[in-house]
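This report refers to the structure that appears directly beneath it.
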Amino acid sequence: METLSTFINTRREKLGMSSLGLSKKSGIDISIIEDIESGKELFLPVTIRQKLAKALKCQPSDIQKYEKNINTKIISDEIIDEIKQKILAREKEIHCPMCGNILVTRIAKMYDLEDNLMLHPKAHCSKCVFQIKD
């Protein structure tokens, strides 16, 4: 079964574009293109889907059919906070609260206006739409 990432990548290559070229042609930041093509993004906002479709010379529905279905399960803030704490504690094998798959995690290091280091836990599931971005 073809995925969103393989569809975008294959379509882009057939048009002779690099990831950077697709970024420029669509007006979408290269980091978002890279996240889509690496499989980190499983569904897209309408505006991103429309811009990609125009740049890739296809219909938005052609892209949408490869996106993961959103079976929205409400995850409590307490569970999200618990997952964030586990990420910051560098625990291995943190399970997705939606499907039980092991989450892909990382800690983003950012600096505030006063140059203080701030750690932001990030996670996404490779099997469902669960993600922690903030």
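Going through the structure tokens in order, the chains are called A, B, and so on, while each chain numbers its residues from 1 and the ligands are numbered from 1 in the order shown.
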Contacts of A:Asp77 within 12 Å, only C-alpha atoms, excl. fewer than 4 positions in-chain, as a PyMOL selection string: chain A and resi 81-84+97+132
Restricted to N, CA and C atoms, what would the selected residues look like written as a JSON list (two decimals), in the first residue's frame?
[["chain", "number", "residue", "atom", "x", "y", "z"],
["A", 81, "ASP", "N", 1.11, 15.06, 29.43],
["A", 81, "ASP", "CA", 2.15, 15.53, 30.35],
["A", 81, "ASP", "C", 3.02, 14.37, 30.83],
["A", 82, "GLU", "N", 2.41, 13.23, 31.08],
["A", 82, "GLU", "CA", 3.16, 12.05, 31.51],
["A", 82, "GLU", "C", 4.13, 11.59, 30.42],
["A", 83, "ILE", "N", 3.66, 11.59, 29.18],
["A", 83, "ILE", "CA", 4.53, 11.22, 28.05],
["A", 83, "ILE", "C", 5.68, 12.21, 27.92],
["A", 84, "LYS", "N", 5.38, 13.51, 28.05],
["A", 84, "LYS", "CA", 6.43, 14.53, 27.96],
["A", 84, "LYS", "C", 7.49, 14.31, 29.04],
["A", 97, "PRO", "N", -0.51, 6.41, 23.19],
["A", 97, "PRO", "CA", -1.77, 6.24, 23.92],
["A", 97, "PRO", "C", -2.96, 5.91, 23.01],
["A", 132, "ILE", "N", 3.05, 14.85, 19.44],
["A", 132, "ILE", "CA", 3.23, 15.96, 20.38],
["A", 132, "ILE", "C", 4.20, 16.90, 19.70]]
With the cut-off set at 10 Å and counting only C-alpha atoms, tabulate each residue of stretch 37-57 of chain A with an atom at most that distance from an atom of stretch 115-128 of chain A, showing the nearest atom pair and its distance in Å to one decimal, ordered by chain and increasing number, as a Markdown table.
| residue | atom | partner | partner_atom | distance |
| --- | --- | --- | --- | --- |
| A:Gly39 | CA | A:Ser126 | CA | 7.4 |
| A:Lys40 | CA | A:His124 | CA | 7.1 |
| A:Glu41 | CA | A:His124 | CA | 8.7 |
| A:Leu42 | CA | A:Cys128 | CA | 7.7 |
| A:Phe43 | CA | A:Cys128 | CA | 9.8 |
Writer output for current selection, C-alpha atoms, as a compact mmCIF listing (two decimals), in the first residue's frame:
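After the write, selection18.txt holds the following:
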# COMPACT_ATOMS: atom_id res chain seq x y z
CA GLY A 39 6.74 9.86 7.00
CA LYS A 40 6.54 12.08 10.08
CA GLU A 41 3.44 13.86 8.81
CA LEU A 42 0.57 11.44 8.30
CA PHE A 43 -2.17 13.94 7.48
From the list A:Gly27, A:Ser5, A:Arg90, A:Arg12, the nearest residue to A:Thr47 using only C-alpha atoms is A:Gly27
Assign secondary structure with DSSP using the backbone only, and return the residues of stretch 31-133 of chain A in strand (DSSP E) as an MDAnalysis selection string. chainID A and resid 104:111 117:124 131:132
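One distance worth recording is that between atom CA of A:Tyr66 and atom CA of A:Leu4, which is 4.7 Å.
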May I ask for the distance between atom CA of A:Asp62 and atom CA of A:Gly21, given in Å to one decimal place? 20.4 Å
Can you tell me, as a count of residues only, what residues are no more than 12 Å from A:Ala53 when counting only C-alpha atoms, ignoring any on the same chain fewer than 3 positions away? 24
Tell me which of A:Asn9, A:Gln131, A:Thr3, A:Ser23 sits closest to A:Ala55, counting only C-alpha atoms.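 Looking at the shortest contact to A:Ala55, the residue is A:Ser23.
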Give the alpha helix (DSSP H) residues of chain A, as DSSP finds them on the backbone, and put them as a ChimeraX atom specification. /A:4-14,19-26,30-37,46-56,60-64,77-88
For atom CA of A:Ile94 and atom CA of A:Ile80, determine how far apart the two atoms are, in Å to one decimal place.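 Taking atom CA of A:Ile94 and atom CA of A:Ile80, their separation equals 11.6 Å.
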